[in-house]
Amino acid sequence: MDIHAVRDAEIRRFVRETYGLLGTLGLHRRAVGLDLLRAPANVALAPPYLLLRLLVLILRRVGLRGLAARLGRVQLFLPTRVSGEVAARVHALLDRLDAAGAGVAAPPEVRHRAVQDYVAIRAAVAEITTSLTVLFVGFVVFHAATPGIASLAPSVADRLAQIEAARGFWAGERLGQAYYGLFPASASAGEIMTVAFALALIASVVTTFAGVLADPVQKAMGAHRRRLHRLIARLDASGDAESLAPEHLLARTGDLTDALFAIIRALRG
């Protein structure tokens, strides 16, 4: 029996059933409800999660494996129905591999931790998808690079201030549009913060359902299949082969870029 062939066949089946268009639509139906309330908290917990994983990696490198193992078991994200369903399906996949004689020898605790890390990667990909969506909106609507909420909010707030100022212009809205086209109105710091808060809530909802778009694309690109093979390779190595997935770094790179763009805009006035 070719173990690798069995694993690949089961993984392809899993990806087809879970991440195809119909599969991901069925998966994300579970997000309607309390998941929408947990989403903003999980987005906010993503940076601390990255810092925790970096700390675990450093502790392993300096030989403090016991402390690293304890910190590695800490799960910061709030459980959602979607993440719980994905985790259950991955565990079922591992059980099928065991039954077919192509399983991994990692103990249950290591399996659980690896599956939770896999689910966290999906959250990072959802954030990346949201950032790309915000970037697209910024280019189309404002003709500017807006990799995140911090850089998009001032543009939206200024546009709203422009509309409000034109409506209140003493000579009428049409002349107001012409006047403020020459002398643009600017939003106050308070208005920008209010818009940023509203956009953050919208972005959290988009992140919750980002997989509906991202899953079929990743399926077509083979990303889901490679990620599951990476999970099994980690379990073959007793769970120590992976501490920090590149998706987390990419998601936080987007945050840093967003903050940099916002700072540059503020310095330009």
# chains A, B, ... in the order shown; residues from 1 in each chain; ligands from 1
call {"tool": "residues_around", "arguments": {"residues": "Arg53 (chain A)", "least_positions_apart": "4", "cutoff": "12 Å", "atoms": "only C-alpha atoms", "output": "list in words"}}
result
Ala46, Pro47, Pro48, Tyr49, Leu57, Ile58, Leu59, Arg60, Ala68, Ala69, Arg70, Leu71, Gly72, Arg73, Val74, Gln75, Leu76, Asp117, Ala120, Glu242, Ser243, Leu244, Ala245, Pro246, His248 and Leu249 of chain A
call {"tool": "write_last_selection", "arguments": {"atoms": "N, CA and C atoms", "output": "short mmCIF file (atom, residue, chain, number, x, y, z; two decimals), in the first residue's frame"}}
result
data_model
loop_
_atom_site.label_atom_id
_atom_site.label_comp_id
_atom_site.auth_asym_id
_atom_site.auth_seq_id
_atom_site.Cartn_x
_atom_site.Cartn_y
_atom_site.Cartn_z
N ALA A 46 -5.66 38.49 16.91
CA ALA A 46 -4.70 37.95 15.95
C ALA A 46 -3.27 38.43 16.20
N PRO A 47 -3.03 39.73 16.44
CA PRO A 47 -1.64 40.15 16.73
C PRO A 47 -1.06 39.51 17.99
N PRO A 48 -1.80 39.46 19.13
CA PRO A 48 -1.25 38.75 20.28
C PRO A 48 -0.96 37.27 19.99
N TYR A 49 -1.78 36.65 19.14
CA TYR A 49 -1.54 35.26 18.77
C TYR A 49 -0.19 35.12 18.07
N LEU A 57 8.46 29.97 19.56
CA LEU A 57 9.58 29.63 18.69
C LEU A 57 10.91 29.99 19.34
N ILE A 58 10.99 31.16 19.95
CA ILE A 58 12.23 31.61 20.59
C ILE A 58 12.58 30.70 21.77
N LEU A 59 11.57 30.36 22.58
CA LEU A 59 11.82 29.49 23.74
C LEU A 59 12.32 28.13 23.31
N ARG A 60 11.81 27.60 22.19
CA ARG A 60 12.30 26.32 21.70
C ARG A 60 13.75 26.42 21.25
N ALA A 68 7.88 26.33 26.43
CA ALA A 68 7.35 26.52 25.07
C ALA A 68 6.13 25.63 24.84
N ALA A 69 6.19 24.40 25.32
CA ALA A 69 5.06 23.48 25.15
C ALA A 69 3.82 23.97 25.89
N ARG A 70 4.02 24.51 27.10
CA ARG A 70 2.88 25.01 27.87
C ARG A 70 2.25 26.22 27.18
N LEU A 71 3.08 27.13 26.71
CA LEU A 71 2.55 28.30 26.01
C LEU A 71 1.93 27.92 24.67
N GLY A 72 2.49 26.88 24.04
CA GLY A 72 1.95 26.43 22.77
C GLY A 72 0.55 25.87 22.88
N ARG A 73 0.17 25.45 24.08
CA ARG A 73 -1.19 24.91 24.29
C ARG A 73 -2.23 26.01 24.52
N VAL A 74 -1.76 27.24 24.68
CA VAL A 74 -2.69 28.35 24.92
C VAL A 74 -3.41 28.70 23.62
N GLN A 75 -4.73 28.75 23.68
CA GLN A 75 -5.54 29.12 22.52
C GLN A 75 -6.22 30.46 22.80
N LEU A 76 -5.80 31.49 22.08
CA LEU A 76 -6.33 32.83 22.33
C LEU A 76 -7.66 33.07 21.64
N ASP A 117 -4.11 24.87 15.31
CA ASP A 117 -3.23 25.76 14.57
C ASP A 117 -3.66 25.85 13.10
N ALA A 120 -6.48 28.17 12.96
CA ALA A 120 -6.01 29.55 13.11
C ALA A 120 -5.45 30.09 11.79
N GLU A 242 6.37 22.60 12.98
CA GLU A 242 5.84 23.90 12.59
C GLU A 242 5.42 24.67 13.82
N SER A 243 5.91 25.90 13.93
CA SER A 243 5.52 26.74 15.04
C SER A 243 4.78 27.98 14.56
N LEU A 244 5.10 28.43 13.37
CA LEU A 244 4.50 29.66 12.87
C LEU A 244 4.29 29.55 11.37
N ALA A 245 3.05 29.60 10.95
CA ALA A 245 2.73 29.46 9.53
C ALA A 245 2.96 30.79 8.83
N PRO A 246 3.36 30.75 7.56
CA PRO A 246 3.60 32.00 6.82
C PRO A 246 2.36 32.86 6.65
N HIS A 248 0.23 33.69 8.86
CA HIS A 248 0.14 34.64 9.97
C HIS A 248 1.07 35.83 9.74
N LEU A 249 2.27 35.56 9.25
CA LEU A 249 3.20 36.65 8.97
C LEU A 249 2.67 37.56 7.87
#
call {"tool": "residues_around", "arguments": {"residues": "Ala178 (chain A)", "least_positions_apart": "6", "cutoff": "12 Å", "atoms": "only C-alpha atoms", "output": "mmCIF file with all heavy atoms, in the first residue's frame"}}
result
data_model
loop_
_atom_site.group_PDB
_atom_site.id
_atom_site.type_symbol
_atom_site.label_atom_id
_atom_site.label_comp_id
_atom_site.auth_asym_id
_atom_site.auth_seq_id
_atom_site.Cartn_x
_atom_site.Cartn_y
_atom_site.Cartn_z
ATOM 1 N N GLN A 162 -17.109 65.884 2.948
ATOM 2 C CA GLN A 162 -17.308 66.639 1.700
ATOM 3 C C GLN A 162 -18.796 66.685 1.329
ATOM 4 O O GLN A 162 -19.328 67.735 0.976
ATOM 5 C CB GLN A 162 -16.504 65.962 0.588
ATOM 6 C CG GLN A 162 -16.416 66.760 -0.705
ATOM 7 C CD GLN A 162 -15.221 67.689 -0.710
ATOM 8 O OE1 GLN A 162 -14.644 67.958 0.334
ATOM 9 N NE2 GLN A 162 -14.878 68.192 -1.873
ATOM 10 N N ILE A 163 -19.441 65.531 1.436
ATOM 11 C CA ILE A 163 -20.865 65.455 1.099
ATOM 12 C C ILE A 163 -21.689 66.293 2.069
ATOM 13 O O ILE A 163 -22.588 67.049 1.666
ATOM 14 C CB ILE A 163 -21.337 63.989 1.119
ATOM 15 C CG1 ILE A 163 -20.654 63.200 -0.004
ATOM 16 C CG2 ILE A 163 -22.850 63.896 0.986
ATOM 17 C CD1 ILE A 163 -20.903 61.706 0.055
ATOM 18 N N ALA A 165 -20.696 68.850 3.912
ATOM 19 C CA ALA A 165 -20.421 70.278 3.733
ATOM 20 C C ALA A 165 -21.162 70.829 2.516
ATOM 21 O O ALA A 165 -21.702 71.943 2.557
ATOM 22 C CB ALA A 165 -18.917 70.500 3.590
ATOM 23 N N ALA A 166 -21.193 70.066 1.420
ATOM 24 C CA ALA A 166 -21.895 70.510 0.213
ATOM 25 C C ALA A 166 -23.386 70.651 0.475
ATOM 26 O O ALA A 166 -24.035 71.598 -0.007
ATOM 27 C CB ALA A 166 -21.634 69.539 -0.925
ATOM 28 N N ARG A 167 -23.949 69.726 1.235
ATOM 29 C CA ARG A 167 -25.379 69.795 1.547
ATOM 30 C C ARG A 167 -25.722 71.030 2.386
ATOM 31 O O ARG A 167 -26.810 71.588 2.272
ATOM 32 C CB ARG A 167 -25.810 68.533 2.281
ATOM 33 C CG ARG A 167 -25.901 67.303 1.400
ATOM 34 C CD ARG A 167 -26.252 66.075 2.214
ATOM 35 N NE ARG A 167 -26.403 64.893 1.373
ATOM 36 C CZ ARG A 167 -26.571 63.661 1.857
ATOM 37 N NH1 ARG A 167 -26.599 63.464 3.172
ATOM 38 N NH2 ARG A 167 -26.693 62.638 1.030
ATOM 39 N N PHE A 169 -24.108 73.916 2.287
ATOM 40 C CA PHE A 169 -23.559 75.139 1.698
ATOM 41 C C PHE A 169 -24.665 76.193 1.555
ATOM 42 O O PHE A 169 -25.794 75.886 1.151
ATOM 43 C CB PHE A 169 -22.940 74.822 0.336
ATOM 44 C CG PHE A 169 -22.109 75.925 -0.232
ATOM 45 C CD1 PHE A 169 -20.965 76.346 0.418
ATOM 46 C CD2 PHE A 169 -22.490 76.562 -1.416
ATOM 47 C CE1 PHE A 169 -20.188 77.367 -0.119
ATOM 48 C CE2 PHE A 169 -21.720 77.578 -1.956
ATOM 49 C CZ PHE A 169 -20.567 77.987 -1.301
ATOM 50 N N ALA A 171 -25.342 78.440 -0.574
ATOM 51 C CA ALA A 171 -25.914 78.706 -1.904
ATOM 52 C C ALA A 171 -26.521 77.468 -2.533
ATOM 53 O O ALA A 171 -26.850 77.460 -3.725
ATOM 54 C CB ALA A 171 -24.842 79.289 -2.831
ATOM 55 N N GLY A 172 -26.654 76.386 -1.774
ATOM 56 C CA GLY A 172 -27.250 75.175 -2.308
ATOM 57 C C GLY A 172 -26.228 74.068 -2.524
ATOM 58 O O GLY A 172 -25.017 74.311 -2.624
ATOM 59 N N PRO A 184 -11.500 71.392 -0.757
ATOM 60 C CA PRO A 184 -12.056 70.194 -0.123
ATOM 61 C C PRO A 184 -12.210 70.340 1.387
ATOM 62 O O PRO A 184 -11.362 70.929 2.071
ATOM 63 C CB PRO A 184 -11.015 69.103 -0.461
ATOM 64 C CG PRO A 184 -10.282 69.639 -1.641
ATOM 65 C CD PRO A 184 -10.248 71.122 -1.476
ATOM 66 N N ALA A 185 -13.303 69.798 1.879
ATOM 67 C CA ALA A 185 -13.518 69.729 3.324
ATOM 68 C C ALA A 185 -12.784 68.525 3.898
ATOM 69 O O ALA A 185 -12.608 67.512 3.213
ATOM 70 C CB ALA A 185 -15.013 69.631 3.621
#
call {"tool": "closest_residue", "arguments": {"among": "A:Pro147, A:Gly103, A:Pro108, A:Gly168", "to": "Asp236 (chain A)", "atoms": "only C-alpha atoms"}}
result
A:Gly103
call {"tool": "closest_residue", "arguments": {"among": "A:Thr80, A:Leu25, A:Ile232, A:His4", "to": "Asn42 (chain A)", "atoms": "only C-alpha atoms"}}
result
A:Thr80
call {"tool": "closest_atom_pairs", "arguments": {"of": "region 51-138 of chain A", "to": "region 257-267 of chain A", "cutoff": "12 Å", "atoms": "only C-alpha atoms", "output": "CSV"}}
result
residue,atom,partner,partner_atom,distance
A:Ser131,CA,A:Asp258,CA,9.1
A:Leu132,CA,A:Asp258,CA,11.5
A:Val134,CA,A:Asp258,CA,10.5
A:Leu135,CA,A:Asp258,CA,9.8
A:Gly138,CA,A:Asp258,CA,12.0
call {"tool": "closest_residue", "arguments": {"among": "A:Ala87, A:Leu213, A:Ala187, A:Leu67", "to": "Val115 (chain A)", "atoms": "only C-alpha atoms"}}
result
A:Ala87
call {"tool": "atom_distance", "arguments": {"atom1": "CA of Phe142 (chain A)", "atom2": "CA of Val156 (chain A)"}}
result
8.5 Å
call {"tool": "closest_residue", "arguments": {"among": "A:Asp8, A:Leu54, A:Arg81, A:Ser204", "to": "Gly33 (chain A)", "atoms": "only C-alpha atoms"}}
result
A:Arg81
call {"tool": "residues_around", "arguments": {"residues": "Ala220 (chain A)", "least_positions_apart": "5", "cutoff": "10 Å", "atoms": "only C-alpha atoms", "output": "PyMOL selection string"}}
result
chain A and resi 16+19-20+215+225
call {"tool": "closest_residue", "arguments": {"among": "A:Ala150, A:Glu85, A:Thr130, A:Glu173", "to": "Ile202 (chain A)", "atoms": "only C-alpha atoms"}}
result
A:Thr130
call {"tool": "select_by_dssp", "arguments": {"residues": "region 39-163 of chain A", "states": "alpha helix (DSSP H)", "output": "ChimeraX atom specification"}}
result
/A:39-61,65-72,81-99,108-137,149-163
call {"tool": "residues_around", "arguments": {"residues": "Asp98 (chain A)", "least_positions_apart": "4", "cutoff": "12 Å", "atoms": "only C-alpha atoms", "output": "NGL selection string"}}
result
:A and (3 or 6-7 or 10 or 91-94 or 102-106 or 232)
call {"tool": "closest_residue", "arguments": {"among": "A:Arg89, A:Val212, A:Arg252, A:Val43", "to": "Val15 (chain A)", "atoms": "only C-alpha atoms"}}
result
A:Arg89
call {"tool": "atom_distance", "arguments": {"atom1": "CA of Gly254 (chain A)", "atom2": "CA of Leu228 (chain A)"}}
result
24.3 Å
call {"tool": "atom_distance", "arguments": {"atom1": "CA of Arg159 (chain A)", "atom2": "CA of Ala200 (chain A)"}}
result
17.5 Å
